[in-house]
file start31.cif (mmCIF, C-alpha atoms and all ligand atoms)
data_run
#
loop_
_atom_site.group_PDB
_atom_site.id
_atom_site.type_symbol
_atom_site.label_atom_id
_atom_site.label_comp_id
_atom_site.auth_asym_id
_atom_site.auth_seq_id
_atom_site.Cartn_x
_atom_site.Cartn_y
_atom_site.Cartn_z
ATOM 1 C CA MET V 25 -0.005 -26.161 -17.237
ATOM 2 C CA TYR V 26 -0.493 -22.472 -16.383
ATOM 3 C CA LEU V 27 2.978 -20.934 -16.712
ATOM 4 C CA CYS V 28 3.558 -17.682 -14.875
ATOM 5 C CA ASP V 29 6.637 -15.879 -13.612
ATOM 6 C CA PHE V 30 5.990 -13.575 -10.657
ATOM 7 C CA HIS V 31 9.536 -12.496 -9.858
ATOM 8 C CA THR V 32 11.322 -10.648 -12.671
ATOM 9 C CA HIS V 33 13.265 -7.421 -13.048
ATOM 10 C CA SER V 34 13.768 -4.706 -15.636
ATOM 11 C CA LEU V 35 15.948 -1.620 -16.047
ATOM 12 C CA ILE V 36 14.010 0.108 -13.260
ATOM 13 C CA SER V 37 16.055 -2.135 -10.921
ATOM 14 C CA PRO V 38 19.623 -0.941 -10.242
ATOM 15 C CA ASP V 39 21.023 -4.378 -11.134
ATOM 16 C CA SER V 40 19.216 -4.878 -14.466
ATOM 17 C CA SER V 41 19.517 -3.166 -17.837
ATOM 18 C CA ALA V 42 16.683 -5.035 -19.577
ATOM 19 C CA PRO V 43 13.777 -3.056 -21.044
ATOM 20 C CA LEU V 44 10.438 -4.530 -19.962
ATOM 21 C CA ALA V 45 9.532 -4.928 -23.643
ATOM 22 C CA ASP V 46 12.449 -7.397 -24.029
ATOM 23 C CA MET V 47 11.457 -9.294 -20.881
ATOM 24 C CA ALA V 48 7.848 -9.553 -22.114
ATOM 25 C CA GLN V 49 9.032 -10.775 -25.519
ATOM 26 C CA ALA V 50 11.112 -13.480 -23.795
ATOM 27 C CA ALA V 51 8.056 -14.450 -21.712
ATOM 28 C CA LEU V 52 5.991 -14.889 -24.893
ATOM 29 C CA GLU V 53 8.739 -17.031 -26.434
ATOM 30 C CA ARG V 54 8.835 -19.252 -23.309
ATOM 31 C CA GLY V 55 5.061 -19.759 -23.527
ATOM 32 C CA LEU V 56 4.086 -17.906 -20.359
ATOM 33 C CA SER V 57 0.459 -16.954 -19.783
ATOM 34 C CA GLU V 58 1.232 -14.304 -17.191
ATOM 35 C CA LEU V 59 4.235 -12.173 -16.261
ATOM 36 C CA CYS V 60 4.701 -9.897 -13.285
ATOM 37 C CA VAL V 61 7.547 -7.390 -13.219
ATOM 38 C CA THR V 62 8.808 -6.926 -9.647
ATOM 39 C CA ASP V 63 11.525 -4.286 -9.726
ATOM 40 C CA HIS V 64 13.663 -3.700 -6.663
ATOM 41 C CA CYS V 65 12.875 -1.145 -4.027
ATOM 42 C CA ASP V 66 15.403 -1.910 -1.294
ATOM 43 C CA LEU V 67 14.844 0.247 1.757
ATOM 44 C CA LEU V 68 18.444 -0.497 2.727
ATOM 45 C CA ASP V 69 20.821 -0.168 -0.213
ATOM 46 C CA TYR V 70 23.627 -2.665 -0.785
ATOM 47 C CA THR V 71 25.960 -0.703 1.505
ATOM 48 C CA GLY V 72 23.313 -0.672 4.253
ATOM 49 C CA HIS V 73 22.210 2.952 3.895
ATOM 50 C CA PRO V 74 18.493 3.786 4.111
ATOM 51 C CA ASN V 75 16.663 4.508 0.858
ATOM 52 C CA ALA V 76 13.071 5.700 0.552
ATOM 53 C CA HIS V 77 12.762 6.271 -3.184
ATOM 54 C CA PHE V 78 11.292 4.227 -6.005
ATOM 55 C CA ASP V 79 10.899 5.424 -9.587
ATOM 56 C CA TRP V 80 7.150 4.904 -9.812
ATOM 57 C CA ALA V 81 6.813 7.320 -12.735
ATOM 58 C CA GLY V 82 9.365 5.361 -14.792
ATOM 59 C CA ALA V 83 7.964 1.983 -13.730
ATOM 60 C CA MET V 84 4.364 2.907 -14.549
ATOM 61 C CA ALA V 85 5.206 4.565 -17.881
ATOM 62 C CA GLN V 86 7.135 1.477 -18.983
ATOM 63 C CA PHE V 87 4.429 -0.888 -17.726
ATOM 64 C CA HIS V 88 1.540 0.858 -19.490
ATOM 65 C CA GLN V 89 3.492 1.192 -22.730
ATOM 66 C CA VAL V 90 4.421 -2.503 -22.862
ATOM 67 C CA GLN V 91 0.952 -3.608 -21.770
ATOM 68 C CA ALA V 92 -0.542 -1.689 -24.708
ATOM 69 C CA GLN V 93 2.005 -3.193 -27.134
ATOM 70 C CA LEU V 94 1.170 -6.739 -25.989
ATOM 71 C CA GLN V 95 -2.476 -6.382 -27.089
ATOM 72 C CA GLY V 96 -3.587 -9.094 -24.676
ATOM 73 C CA LYS V 97 -1.156 -11.776 -25.931
ATOM 74 C CA LEU V 98 0.318 -11.983 -22.428
ATOM 75 C CA THR V 99 -1.171 -10.927 -19.104
ATOM 76 C CA LEU V 100 1.213 -8.383 -17.610
ATOM 77 C CA ARG V 101 1.118 -7.402 -13.932
ATOM 78 C CA LEU V 102 2.852 -4.614 -12.063
ATOM 79 C CA GLY V 103 4.634 -5.770 -8.936
ATOM 80 C CA LEU V 104 7.348 -4.605 -6.594
ATOM 81 C CA GLU V 105 10.121 -6.424 -4.718
ATOM 82 C CA LEU V 106 10.157 -4.485 -1.463
ATOM 83 C CA GLY V 107 13.353 -5.216 0.485
ATOM 84 C CA SER V 108 14.045 -4.716 4.202
ATOM 85 C CA ALA V 109 10.607 -3.421 5.201
ATOM 86 C CA PRO V 110 11.199 -4.466 8.873
ATOM 87 C CA ALA V 111 14.145 -2.007 9.028
ATOM 88 C CA CYS V 112 12.103 0.934 7.679
ATOM 89 C CA PRO V 113 8.338 0.296 8.078
ATOM 90 C CA ASP V 114 7.297 3.926 7.548
ATOM 91 C CA SER V 115 9.230 4.132 4.274
ATOM 92 C CA ALA V 116 7.779 0.782 3.182
ATOM 93 C CA ARG V 117 4.208 1.997 3.679
ATOM 94 C CA HIS V 118 4.969 5.330 2.023
ATOM 95 C CA ILE V 119 6.336 3.598 -1.102
ATOM 96 C CA LEU V 120 3.326 1.262 -1.268
ATOM 97 C CA ARG V 121 0.868 4.162 -0.947
ATOM 98 C CA GLN V 122 2.597 5.840 -3.901
ATOM 99 C CA GLY V 123 1.979 2.711 -6.009
ATOM 100 C CA GLY V 124 -1.733 3.011 -5.245
ATOM 101 C CA ASP V 125 -4.267 0.994 -7.191
ATOM 102 C CA HIS V 126 -1.830 0.272 -10.012
ATOM 103 C CA LEU V 127 0.064 -2.197 -7.903
ATOM 104 C CA ASP V 128 -0.851 -5.866 -8.428
ATOM 105 C CA PHE V 129 1.688 -7.664 -6.269
ATOM 106 C CA VAL V 130 4.306 -7.122 -3.552
ATOM 107 C CA LEU V 131 7.167 -9.508 -2.846
ATOM 108 C CA GLY V 132 8.525 -9.099 0.678
ATOM 109 C CA SER V 133 12.249 -9.755 0.675
ATOM 110 C CA LEU V 134 15.412 -9.381 2.719
ATOM 111 C CA HIS V 135 18.810 -9.005 1.053
ATOM 112 C CA ASN V 136 20.723 -7.380 3.901
ATOM 113 C CA TRP V 137 21.916 -8.037 7.371
ATOM 114 C CA ILE V 138 19.763 -5.933 9.686
ATOM 115 C CA GLY V 139 21.269 -4.644 12.937
ATOM 116 C CA ARG V 140 24.556 -6.412 12.238
ATOM 117 C CA ARG V 141 27.570 -6.053 9.925
ATOM 118 C CA ASP V 142 26.613 -2.468 8.930
ATOM 119 C CA ASN V 143 23.327 -3.717 7.406
ATOM 120 C CA GLN V 144 25.207 -4.627 4.241
ATOM 121 C CA GLU V 145 23.953 -6.879 1.429
ATOM 122 C CA LEU V 146 24.594 -10.548 2.179
ATOM 123 C CA TYR V 147 26.307 -10.785 -1.211
ATOM 124 C CA PHE V 148 29.344 -9.027 0.282
ATOM 125 C CA THR V 149 29.791 -11.439 3.185
ATOM 126 C CA ASP V 150 32.489 -14.055 2.820
ATOM 127 C CA PHE V 151 31.182 -17.264 4.393
ATOM 128 C CA SER V 152 34.220 -19.380 3.404
ATOM 129 C CA ASN V 153 35.296 -21.729 6.213
ATOM 130 C CA ASN V 154 32.816 -20.040 8.544
ATOM 131 C CA PRO V 155 29.749 -22.214 9.170
ATOM 132 C CA ALA V 156 28.957 -20.242 12.367
ATOM 133 C CA LEU V 157 28.608 -17.050 10.320
ATOM 134 C CA ALA V 158 26.384 -18.903 7.845
ATOM 135 C CA ARG V 159 24.086 -19.969 10.689
ATOM 136 C CA GLU V 160 24.071 -16.397 12.018
ATOM 137 C CA ALA V 161 23.037 -15.048 8.600
ATOM 138 C CA MET V 162 20.164 -17.512 8.342
ATOM 139 C CA GLU V 163 19.043 -16.717 11.910
ATOM 140 C CA CYS V 164 19.189 -12.965 11.208
ATOM 141 C CA CYS V 165 17.137 -13.404 8.052
ATOM 142 C CA LEU V 166 14.517 -15.525 9.832
ATOM 143 C CA THR V 167 14.258 -13.092 12.763
ATOM 144 C CA HIS V 168 13.417 -10.197 10.456
ATOM 145 C CA THR V 169 11.195 -12.352 8.255
ATOM 146 C CA ARG V 170 9.219 -13.144 11.384
ATOM 147 C CA THR V 171 8.870 -9.398 12.054
ATOM 148 C CA LEU V 172 7.652 -8.879 8.484
ATOM 149 C CA VAL V 173 4.922 -11.504 8.692
ATOM 150 C CA THR V 174 3.775 -10.709 12.229
ATOM 151 C CA GLN V 175 3.999 -6.890 12.280
ATOM 152 C CA LEU V 176 3.910 -5.751 8.642
ATOM 153 C CA PRO V 177 1.387 -8.016 6.888
ATOM 154 C CA ASP V 178 0.337 -5.077 4.669
ATOM 155 C CA CYS V 179 3.906 -4.795 3.326
ATOM 156 C CA TYR V 180 3.969 -8.075 1.391
ATOM 157 C CA ASP V 181 1.738 -10.466 -0.560
ATOM 158 C CA SER V 182 4.241 -13.276 -1.079
ATOM 159 C CA LEU V 183 7.286 -14.060 1.033
ATOM 160 C CA ALA V 184 10.219 -13.887 -1.387
ATOM 161 C CA HIS V 185 13.171 -16.308 -1.310
ATOM 162 C CA ILE V 186 13.082 -17.093 2.426
ATOM 163 C CA ILE V 187 16.370 -18.991 1.961
ATOM 164 C CA TYR V 188 18.192 -16.046 0.318
ATOM 165 C CA PRO V 189 21.361 -16.363 2.492
ATOM 166 C CA LEU V 190 21.863 -19.878 1.062
ATOM 167 C CA ARG V 191 22.785 -18.327 -2.310
ATOM 168 C CA TYR V 192 26.001 -16.914 -0.835
ATOM 169 C CA ILE V 193 26.548 -19.577 1.788
ATOM 170 C CA GLN V 194 26.553 -22.215 -0.979
ATOM 171 C CA ARG V 195 28.627 -19.926 -3.228
ATOM 172 C CA ASP V 196 31.320 -19.924 -0.541
ATOM 173 C CA GLY V 197 31.353 -23.711 -0.211
ATOM 174 C CA ILE V 198 29.407 -24.112 3.040
ATOM 175 C CA ALA V 199 26.743 -26.819 3.240
ATOM 176 C CA LEU V 200 23.999 -25.587 5.564
ATOM 177 C CA ASP V 201 21.178 -28.018 6.322
ATOM 178 C CA ILE V 202 17.966 -25.993 6.334
ATOM 179 C CA ARG V 203 16.321 -28.655 8.531
ATOM 180 C CA GLN V 204 18.116 -27.220 11.598
ATOM 181 C CA PHE V 205 15.824 -24.162 11.143
ATOM 182 C CA GLU V 206 12.618 -26.175 10.815
ATOM 183 C CA ALA V 207 11.012 -24.818 14.022
ATOM 184 C CA PRO V 208 11.415 -21.070 13.273
ATOM 185 C CA ILE V 209 10.508 -21.594 9.610
ATOM 186 C CA ARG V 210 7.332 -23.476 10.534
ATOM 187 C CA GLU V 211 6.433 -20.685 12.942
ATOM 188 C CA ILE V 212 6.744 -18.163 10.073
ATOM 189 C CA PHE V 213 4.798 -20.436 7.692
ATOM 190 C CA ARG V 214 1.911 -20.765 10.145
ATOM 191 C CA VAL V 215 1.551 -16.969 10.263
ATOM 192 C CA VAL V 216 1.845 -16.673 6.451
ATOM 193 C CA ALA V 217 -0.822 -19.356 5.990
ATOM 194 C CA GLN V 218 -3.225 -18.078 8.655
ATOM 195 C CA SER V 219 -3.044 -14.497 7.383
ATOM 196 C CA GLY V 220 -3.828 -15.566 3.797
ATOM 197 C CA HIS V 221 -0.420 -14.674 2.379
ATOM 198 C CA ALA V 222 1.713 -16.597 -0.110
ATOM 199 C CA LEU V 223 5.092 -18.288 -0.123
ATOM 200 C CA GLU V 224 7.354 -17.796 -3.120
ATOM 201 C CA VAL V 225 9.307 -20.608 -4.747
ATOM 202 C CA ASN V 226 12.295 -18.693 -6.126
ATOM 203 C CA THR V 227 14.136 -20.796 -8.712
ATOM 204 C CA CYS V 228 17.114 -18.380 -8.749
ATOM 205 C CA ARG V 229 17.249 -18.509 -12.545
ATOM 206 C CA GLY V 230 16.640 -22.260 -12.495
ATOM 207 C CA ARG V 231 19.531 -23.111 -10.201
ATOM 208 C CA ASN V 232 17.928 -24.361 -7.016
ATOM 209 C CA VAL V 233 14.427 -25.700 -7.555
ATOM 210 C CA GLU V 234 15.058 -28.826 -5.485
ATOM 211 C CA ASP V 235 15.943 -26.777 -2.345
ATOM 212 C CA TRP V 236 12.257 -25.911 -2.126
ATOM 213 C CA ARG V 237 10.891 -29.464 -1.765
ATOM 214 C CA ILE V 238 11.176 -29.621 2.019
ATOM 215 C CA LEU V 239 10.016 -26.011 2.418
ATOM 216 C CA LEU V 240 6.872 -26.676 0.359
ATOM 217 C CA THR V 241 6.199 -29.776 2.438
ATOM 218 C CA TRP V 242 6.417 -27.739 5.652
ATOM 219 C CA PHE V 243 4.325 -24.894 4.218
ATOM 220 C CA ARG V 244 1.551 -27.257 3.167
ATOM 221 C CA ASP V 245 1.718 -28.961 6.541
ATOM 222 C CA CYS V 246 1.268 -25.532 8.194
ATOM 223 C CA GLY V 247 -1.924 -24.928 6.206
ATOM 224 C CA GLY V 248 -0.353 -22.949 3.358
ATOM 225 C CA GLU V 249 -2.434 -22.681 0.208
ATOM 226 C CA TYR V 250 -0.985 -19.817 -1.836
ATOM 227 C CA VAL V 251 2.350 -20.306 -3.611
ATOM 228 C CA THR V 252 3.814 -17.956 -6.234
ATOM 229 C CA LEU V 253 6.598 -18.944 -8.633
ATOM 230 C CA GLY V 254 9.468 -16.701 -9.699
ATOM 231 C CA SER V 255 12.680 -17.081 -11.690
ATOM 232 C CA ASP V 256 14.268 -13.832 -10.413
ATOM 233 C CA ALA V 257 15.347 -13.158 -14.012
ATOM 234 C CA HIS V 258 17.232 -9.905 -14.518
ATOM 235 C CA ARG V 259 17.868 -10.584 -18.248
ATOM 236 C CA PRO V 260 15.630 -11.926 -21.048
ATOM 237 C CA GLU V 261 17.848 -15.043 -21.323
ATOM 238 C CA ASP V 262 16.859 -16.070 -17.776
ATOM 239 C CA MET V 263 13.119 -15.498 -18.167
ATOM 240 C CA ALA V 264 11.048 -18.311 -16.573
ATOM 241 C CA LYS V 265 14.074 -20.543 -15.950
ATOM 242 C CA GLY V 266 13.028 -23.356 -13.623
ATOM 243 C CA ILE V 267 9.347 -22.348 -13.612
ATOM 244 C CA SER V 268 7.961 -25.545 -15.162
ATOM 245 C CA GLN V 269 10.137 -27.664 -12.808
ATOM 246 C CA ALA V 270 8.883 -25.583 -9.866
ATOM 247 C CA ALA V 271 5.288 -26.161 -10.998
ATOM 248 C CA GLN V 272 5.969 -29.916 -11.114
ATOM 249 C CA LEU V 273 7.452 -29.722 -7.613
ATOM 250 C CA LEU V 274 4.282 -27.982 -6.435
ATOM 251 C CA ARG V 275 2.214 -30.885 -7.750
ATOM 252 C CA GLN V 276 4.553 -33.441 -6.171
ATOM 253 C CA THR V 277 4.226 -31.765 -2.768
ATOM 254 C CA GLY V 278 0.436 -31.844 -2.872
ATOM 255 C CA PHE V 279 -0.554 -28.457 -4.264
ATOM 256 C CA THR V 280 -3.186 -28.315 -7.012
ATOM 257 C CA HIS V 281 -2.883 -24.606 -7.905
ATOM 258 C CA VAL V 282 -0.339 -21.898 -8.487
ATOM 259 C CA THR V 283 -1.180 -18.399 -7.256
ATOM 260 C CA VAL V 284 -1.109 -15.178 -9.253
ATOM 261 C CA TYR V 285 -2.091 -11.726 -8.036
ATOM 262 C CA ARG V 286 -4.216 -8.922 -9.375
ATOM 263 C CA ARG V 287 -4.609 -5.666 -7.434
ATOM 264 C CA ARG V 288 -2.969 -7.385 -4.462
ATOM 265 C CA THR V 289 -5.599 -10.124 -4.388
ATOM 266 C CA PRO V 290 -4.657 -13.812 -4.833
ATOM 267 C CA VAL V 291 -6.112 -15.745 -7.757
ATOM 268 C CA LEU V 292 -5.673 -19.524 -7.940
ATOM 269 C CA ARG V 293 -4.871 -21.145 -11.293
ATOM 270 C CA PRO V 294 -4.974 -24.944 -11.693
ATOM 271 C CA LEU V 295 -1.525 -26.439 -12.262
HETATM 272 ZN ZN ZN H 1 15.484 -10.592 -4.055
HETATM 273 ZN ZN ZN H 2 14.576 -10.211 -7.291
#
call {"tool": "encode", "arguments": {"input": "start31.cif", "output": "structure tokens", "more": "lines below"}}
Ligand SMILES: [Zn+2]
Ligand SMILES: [Zn+2]
result
Amino acid sequence: MYLCDFHTHSLISPDSSAPLADMAQAALERGLSELCVTDHCDLLDYTGHPNAHFDWAGAMAQFHQVQAQLQGKLTLRLGLELGSAPACPDSARHILRQGGDHLDFVLGSLHNWIGRRDNQELYFTDFSNNPALAREAMECCLTHTRTLVTQLPDCYDSLAHIIYPLRYIQRDGIALDIRQFEAPIREIFRVVAQSGHALEVNTCRGRNVEDWRILLTWFRDCGGEYVTLGSDAHRPEDMAKGISQAAQLLRQTGFTHVTVYRRRTPVLRPL
């Protein structure tokens, strides 16, 4: 099985303190063939304020240093988790231009409310005893995801954690059945598939692999071919958690390959 983790963070992200060298060492110990570091560039910060900066110099220096140290023992790719592009498309394109040819992979993600609740990170919303607010969060996320895939196809390669609000909805004890959003999700998946983009299975450090079964079934049904796998590890201890289970789930839902990226071009690897 080709093991790869295409959603990981390092100390370039504001919420990680892990040197990339430590993350790469953990990847080697877990038997990965390929690792992509996808540090955060959130165009809305966690309080909802616009941000148009990413530390490319730091990210590239770290990447090239660790790549040289690895001496080919592990394929290392340079990615970016670009958050809230639909809220700030000009900033998104500016940041991507700065990455230039060095950039292998872009995850398109949403972590914030957009146009509601001061654009704040969903983490700060208390969903306890409020299923209507949970539905509103999922609807908001899907609305802006639809904008990303229809209007900003150059701003992502793989659609990151499309069910991100569920992390906090479930944290607060609300059971939200994703099947009530089947129609808008299928509409997004058709665009992702037809435009040759990928869907990410985000294991959330191994916690919710099974949530993806129905989503993979819909994506395949919509003509989806490219799927990337990511643990969202922010620490070496979480590296690749849930990746082999996610690969098995891919097989069970009819996929024969996992997708990796080089220079923003998909490459299929047999599972
Ligand atoms: Zn994310
Ligand atoms: Zn992430």
call {"tool": "resolve_selection", "arguments": {"input": "start31.cif", "expression": "the PyMOL selection byres (((chain V and resi 74-85) around 8) and not hetatm)", "output": "mmCIF file with C-alpha atoms, in the frame of the given file"}}
result
data_model
loop_
_atom_site.group_PDB
_atom_site.id
_atom_site.type_symbol
_atom_site.label_atom_id
_atom_site.label_comp_id
_atom_site.auth_asym_id
_atom_site.auth_seq_id
_atom_site.Cartn_x
_atom_site.Cartn_y
_atom_site.Cartn_z
ATOM 1 C CA ILE V 36 14.010 0.108 -13.260
ATOM 2 C CA CYS V 65 12.875 -1.145 -4.027
ATOM 3 C CA ASP V 66 15.403 -1.910 -1.294
ATOM 4 C CA LEU V 67 14.844 0.247 1.757
ATOM 5 C CA LEU V 68 18.444 -0.497 2.727
ATOM 6 C CA ASP V 69 20.821 -0.168 -0.213
ATOM 7 C CA GLY V 72 23.313 -0.672 4.253
ATOM 8 C CA HIS V 73 22.210 2.952 3.895
ATOM 9 C CA GLN V 86 7.135 1.477 -18.983
ATOM 10 C CA PHE V 87 4.429 -0.888 -17.726
ATOM 11 C CA HIS V 88 1.540 0.858 -19.490
ATOM 12 C CA GLN V 89 3.492 1.192 -22.730
ATOM 13 C CA CYS V 112 12.103 0.934 7.679
ATOM 14 C CA SER V 115 9.230 4.132 4.274
ATOM 15 C CA ALA V 116 7.779 0.782 3.182
ATOM 16 C CA ILE V 119 6.336 3.598 -1.102
ATOM 17 C CA GLN V 122 2.597 5.840 -3.901
ATOM 18 C CA GLY V 123 1.979 2.711 -6.009
#
call {"tool": "atom_distance", "arguments": {"input": "start31.cif", "atom1": "atom CA of V:Val251", "atom2": "atom CA of V:Val282"}}
result
5.8 Å
call {"tool": "closest_atom_pairs", "arguments": {"input": "start31.cif", "of": "chain V", "to": "ligand ZN 1 (chain H)", "cutoff": "9 Å", "atoms": "only C-alpha atoms and all ligand atoms", "output": "Markdown table"}}
result
| residue | atom | partner | partner_atom | distance |
| --- | --- | --- | --- | --- |
| V:His31 | CA | H:ZN1 | ZN | 8.5 |
| V:His64 | CA | H:ZN1 | ZN | 7.6 |
| V:Glu105 | CA | H:ZN1 | ZN | 6.8 |
| V:Leu106 | CA | H:ZN1 | ZN | 8.5 |
| V:Gly107 | CA | H:ZN1 | ZN | 7.4 |
| V:Leu131 | CA | H:ZN1 | ZN | 8.5 |
| V:Gly132 | CA | H:ZN1 | ZN | 8.5 |
| V:Ser133 | CA | H:ZN1 | ZN | 5.8 |
| V:Leu134 | CA | H:ZN1 | ZN | 6.9 |
| V:His135 | CA | H:ZN1 | ZN | 6.3 |
| V:Ala184 | CA | H:ZN1 | ZN | 6.8 |
| V:His185 | CA | H:ZN1 | ZN | 6.7 |
| V:Tyr188 | CA | H:ZN1 | ZN | 7.5 |
| V:Asn226 | CA | H:ZN1 | ZN | 8.9 |
| V:Asp256 | CA | H:ZN1 | ZN | 7.2 |
call {"tool": "atom_distance", "arguments": {"input": "start31.cif", "atom1": "atom CA of V:Gly230", "atom2": "atom CA of V:His258"}}
result
12.5 Å
call {"tool": "resolve_selection", "arguments": {"input": "start31.cif", "expression": "the PyMOL selection byres (((chain V and resi 293) around 9) and not hetatm)", "output": "VMD selection string"}}
result
chain V and resid 26 280 to 284 291 to 292 294 to 295
call {"tool": "atom_distance", "arguments": {"input": "start31.cif", "atom1": "atom CA of V:Arg195", "atom2": "atom CA of V:Glu145"}}
result
14.6 Å
